[in-house]
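Have a look at the structure below, then the notes.
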Amino acid sequence: MRTFFTSDHHFGHANIIDYCGRPYASVAEMNADLTQRWNETVAADDVVWHLGDFAMGDPADWRGHVAGLNGRLRLVLGNHDGAAEVMREAGFRDVYENVVIDVDGYNVWLNHFPTAGPDGLDYRGRRGYVRPAAPSAYDIALCGHVHRKWTLRNGILNVGVDRWSYRPIELDDILTEIRDHAKTASNNVGVGRAH
């Protein structure tokens, strides 16, 4: 059993194709390709943490999207998701606002929105929800919401599909990105990757 992370699939959302420059001619093509890439990556017994904005449109359709995906799906609510009960009815095992989990000895904080940082960003979302305060202890912070705007900023890694070849990623991918970013930052004093 492996653990994967992803976010912002926006199944059923036509406007996301143009908004994020996704390489699809239609919603049907996008939904099919996202599902295929997911299932090529994730096995039936793997756990997948989806960090929000799973689908748009009629919640009655969401169950079909969930049912077509490999793995045991858990959700951290995004600003476009339904209430926790709606998302459980769609097929998610567990639904959270945000949570810290243990993955291979790392405390990983999962939240849809990135925290505010030195650049002044403060992400707000559904029904007046404001990002929670960071927990007192975590090793890695993961988020979604920002689509392709950046991969790593203020110590938070964006696991959105638009940054990861439209596939869920594992902890090894996350650790590699963090290490590569640290090397780049130390070699270019004060200059990180441009995303």
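In the structure tokens, each chain is lettered A, B, ... as it comes, each chain's residues begin at 1, and ligands are numbered from 1 in order of appearance.
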Identify, on the basis of only C-alpha atoms, every residue whose closest approach to Gly78 (chain A) does not exceed 10 Å; exclude the query and any residue fewer than 6 positions from it along the same chain; express the result as a VMD selection string. chain A and resid 7 to 8 50 to 55 96 to 98 111 to 113 125 to 126 129 143 to 145
I need the residues from that last selection saved to file as a PDB file, in the first residue's frame (with N, CA and C atoms), if you can.
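Result went into result-v7.pdb, see below:
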```
ATOM      1  N   SER A   7      -4.670  17.194  -6.003  1.00  0.00           N
ATOM      2  CA  SER A   7      -5.768  18.145  -5.790  1.00  0.00           C
ATOM      3  C   SER A   7      -6.190  18.754  -7.120  1.00  0.00           C
ATOM      4  N   ASP A   8      -7.323  19.426  -7.061  1.00  0.00           N
ATOM      5  CA  ASP A   8      -7.804  20.317  -8.122  1.00  0.00           C
ATOM      6  C   ASP A   8      -8.035  19.634  -9.462  1.00  0.00           C
ATOM      7  N   HIS A  50      -6.917  13.573  -1.521  1.00  0.00           N
ATOM      8  CA  HIS A  50      -7.248  14.626  -2.483  1.00  0.00           C
ATOM      9  C   HIS A  50      -7.446  15.914  -1.700  1.00  0.00           C
ATOM     10  N   LEU A  51      -6.663  16.946  -2.028  1.00  0.00           N
ATOM     11  CA  LEU A  51      -6.673  18.178  -1.260  1.00  0.00           C
ATOM     12  C   LEU A  51      -7.633  19.216  -1.831  1.00  0.00           C
ATOM     13  N   GLY A  52      -8.766  18.750  -2.302  1.00  0.00           N
ATOM     14  CA  GLY A  52      -9.866  19.658  -2.614  1.00  0.00           C
ATOM     15  C   GLY A  52     -10.058  20.000  -4.068  1.00  0.00           C
ATOM     16  N   ASP A  53     -11.269  20.516  -4.319  1.00  0.00           N
ATOM     17  CA  ASP A  53     -11.746  20.875  -5.659  1.00  0.00           C
ATOM     18  C   ASP A  53     -11.728  19.654  -6.577  1.00  0.00           C
ATOM     19  N   PHE A  54     -12.396  18.628  -6.112  1.00  0.00           N
ATOM     20  CA  PHE A  54     -12.462  17.367  -6.831  1.00  0.00           C
ATOM     21  C   PHE A  54     -13.275  17.476  -8.116  1.00  0.00           C
ATOM     22  N   ALA A  55     -14.478  18.048  -8.023  1.00  0.00           N
ATOM     23  CA  ALA A  55     -15.362  18.096  -9.198  1.00  0.00           C
ATOM     24  C   ALA A  55     -16.267  19.320  -9.126  1.00  0.00           C
ATOM     25  N   TYR A  96     -12.154  15.928   5.615  1.00  0.00           N
ATOM     26  CA  TYR A  96     -11.585  16.824   6.618  1.00  0.00           C
ATOM     27  C   TYR A  96     -11.561  18.255   6.095  1.00  0.00           C
ATOM     28  N   GLU A  97     -11.494  19.207   7.032  1.00  0.00           N
ATOM     29  CA  GLU A  97     -11.205  20.606   6.667  1.00  0.00           C
ATOM     30  C   GLU A  97      -9.703  20.740   6.423  1.00  0.00           C
ATOM     31  N   ASN A  98      -8.906  20.178   7.327  1.00  0.00           N
ATOM     32  CA  ASN A  98      -7.458  20.062   7.196  1.00  0.00           C
ATOM     33  C   ASN A  98      -7.041  19.018   8.216  1.00  0.00           C
ATOM     34  N   ASN A 111      -3.903  20.654   3.605  1.00  0.00           N
ATOM     35  CA  ASN A 111      -4.867  21.746   3.613  1.00  0.00           C
ATOM     36  C   ASN A 111      -5.097  22.174   2.164  1.00  0.00           C
ATOM     37  N   HIS A 112      -6.311  22.528   1.819  1.00  0.00           N
ATOM     38  CA  HIS A 112      -6.553  22.978   0.445  1.00  0.00           C
ATOM     39  C   HIS A 112      -5.834  24.285   0.161  1.00  0.00           C
ATOM     40  N   PHE A 113      -5.949  25.222   1.071  1.00  0.00           N
ATOM     41  CA  PHE A 113      -5.375  26.555   0.861  1.00  0.00           C
ATOM     42  C   PHE A 113      -3.961  26.646   1.407  1.00  0.00           C
ATOM     43  N   GLY A 125     -11.820  31.115   0.808  1.00  0.00           N
ATOM     44  CA  GLY A 125     -12.617  30.268  -0.055  1.00  0.00           C
ATOM     45  C   GLY A 125     -14.041  30.123   0.375  1.00  0.00           C
ATOM     46  N   ARG A 126     -14.521  28.927   0.247  1.00  0.00           N
ATOM     47  CA  ARG A 126     -15.925  28.599   0.340  1.00  0.00           C
ATOM     48  C   ARG A 126     -16.568  29.100   1.617  1.00  0.00           C
ATOM     49  N   TYR A 129     -14.796  30.570   4.537  1.00  0.00           N
ATOM     50  CA  TYR A 129     -13.717  29.801   5.165  1.00  0.00           C
ATOM     51  C   TYR A 129     -12.397  30.523   4.958  1.00  0.00           C
ATOM     52  N   CYS A 143      -0.588  21.648  -0.122  1.00  0.00           N
ATOM     53  CA  CYS A 143      -1.814  22.378  -0.429  1.00  0.00           C
ATOM     54  C   CYS A 143      -2.227  22.113  -1.870  1.00  0.00           C
ATOM     55  N   GLY A 144      -3.343  22.645  -2.230  1.00  0.00           N
ATOM     56  CA  GLY A 144      -3.833  22.686  -3.600  1.00  0.00           C
ATOM     57  C   GLY A 144      -4.171  24.137  -3.901  1.00  0.00           C
ATOM     58  N   HIS A 145      -5.276  24.354  -4.571  1.00  0.00           N
ATOM     59  CA  HIS A 145      -5.910  25.659  -4.797  1.00  0.00           C
ATOM     60  C   HIS A 145      -5.219  26.555  -5.810  1.00  0.00           C
TER      61      HIS A 145
END
```
Could you name the residues that touch Val48 (chain A) at 12 Å or less, counting only C-alpha atoms, but leaving out those on the same chain fewer than 2 positions away, as a PyMOL selection string? chain A and resi 1-7+38-39+41-46+50-52+66+69-76+92-94+103+110+159+167-171
Counting only C-alpha atoms, the option among A:Tyr106, A:Trp164, A:Trp49, A:Trp62 closest to Asp81 (chain A): A:Trp62
Neighbours of Tyr166 (chain A) within 9 Å (only C-alpha atoms; same-chain residues fewer than 6 positions away dropped), as a PyMOL selection string? chain A and resi 6+9+33-34+37-38+160
Take CA of Asp58 (chain A) and CA of Asp18 (chain A) and report the distance between them in Å, one decimal. 20.6 Å
Could you please determine the separation between CA of Val99 (chain A) and CA of Asn79 (chain A) in Å, to one decimal place? 16.0 Å
Where does DSSP see alpha helix (DSSP H) in chain A, if you list the residues as a tab-separated table (two decimals) with C-alpha atoms, in the first residue's frame?
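Wrote it out as states19.tsv, contents follow:
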```
chain	number	residue	atom	x	y	z
A	15	ASN	CA	-13.78	26.54	-17.76
A	16	ILE	CA	-10.80	24.95	-16.00
A	17	ILE	CA	-9.47	23.78	-19.38
A	18	ASP	CA	-8.86	27.37	-20.53
A	19	TYR	CA	-8.14	28.75	-17.07
A	27	VAL	CA	-14.70	18.11	-20.53
A	28	ALA	CA	-15.30	14.49	-21.56
A	29	GLU	CA	-11.72	14.20	-22.85
A	30	MET	CA	-10.35	15.82	-19.68
A	31	ASN	CA	-12.39	13.58	-17.36
A	32	ALA	CA	-11.30	10.45	-19.25
A	33	ASP	CA	-7.61	11.39	-19.33
A	34	LEU	CA	-7.46	12.44	-15.67
A	35	THR	CA	-9.09	9.13	-14.72
A	36	GLN	CA	-6.71	7.12	-16.92
A	37	ARG	CA	-3.60	8.86	-15.54
A	38	TRP	CA	-4.85	8.36	-11.97
A	39	ASN	CA	-5.48	4.67	-12.53
A	40	GLU	CA	-2.11	4.15	-14.26
A	41	THR	CA	-0.47	5.59	-11.13
A	59	PRO	CA	-23.06	16.28	-7.06
A	60	ALA	CA	-25.02	13.29	-8.39
A	61	ASP	CA	-22.28	12.89	-11.02
A	62	TRP	CA	-19.43	12.93	-8.50
A	63	ARG	CA	-20.08	9.38	-7.29
A	64	GLY	CA	-19.32	8.12	-10.81
A	65	HIS	CA	-16.00	9.97	-10.84
A	66	VAL	CA	-15.01	8.59	-7.43
A	67	ALA	CA	-16.13	5.05	-8.33
A	84	ALA	CA	-18.56	16.91	4.12
A	85	GLU	CA	-21.73	14.80	4.05
A	86	VAL	CA	-22.17	15.40	0.31
A	87	MET	CA	-18.59	14.35	-0.35
A	88	ARG	CA	-18.98	11.19	1.76
A	89	GLU	CA	-22.10	10.35	-0.26
A	90	ALA	CA	-19.98	10.81	-3.40
A	171	LEU	CA	6.05	11.26	-0.71
A	172	ASP	CA	9.26	10.53	-2.65
A	173	ASP	CA	8.18	13.05	-5.34
A	174	ILE	CA	7.50	15.60	-2.61
A	175	LEU	CA	10.83	15.07	-0.87
A	176	THR	CA	12.72	15.26	-4.18
A	177	GLU	CA	11.05	18.57	-5.06
A	178	ILE	CA	11.82	20.03	-1.62
A	179	ARG	CA	15.46	18.90	-1.81
A	180	ASP	CA	15.87	20.19	-5.38
A	181	HIS	CA	14.39	23.52	-4.36
A	182	ALA	CA	16.76	23.74	-1.38
A	183	LYS	CA	19.76	23.03	-3.64
A	184	THR	CA	18.65	25.66	-6.14
A	185	ALA	CA	18.07	28.21	-3.39
A	186	SER	CA	21.50	27.58	-1.82
A	187	ASN	CA	23.25	27.81	-5.20
```
Please provide as a list in words all residues within 9 Å of Val100 (chain A), with the sequence filter that same-chain residues fewer than 4 positions apart are discarded (counting only C-alpha atoms). Asn107, Val108, Trp109, Leu110, Asn111, Pro135, Ala137, Tyr138 and Ala141 of chain A
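Our summary of the geometry notes that CA of Gly21 (chain A) is positioned 20.6 Å from CA of Leu157 (chain A).
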List every residue of region 19-149 of chain A that DSSP, applied to the backbone of this structure, assigns to strand (DSSP E), and report them as a PyMOL selection string. chain A and resi 47-50+72-76+94-96+98-103+106-111+140-143
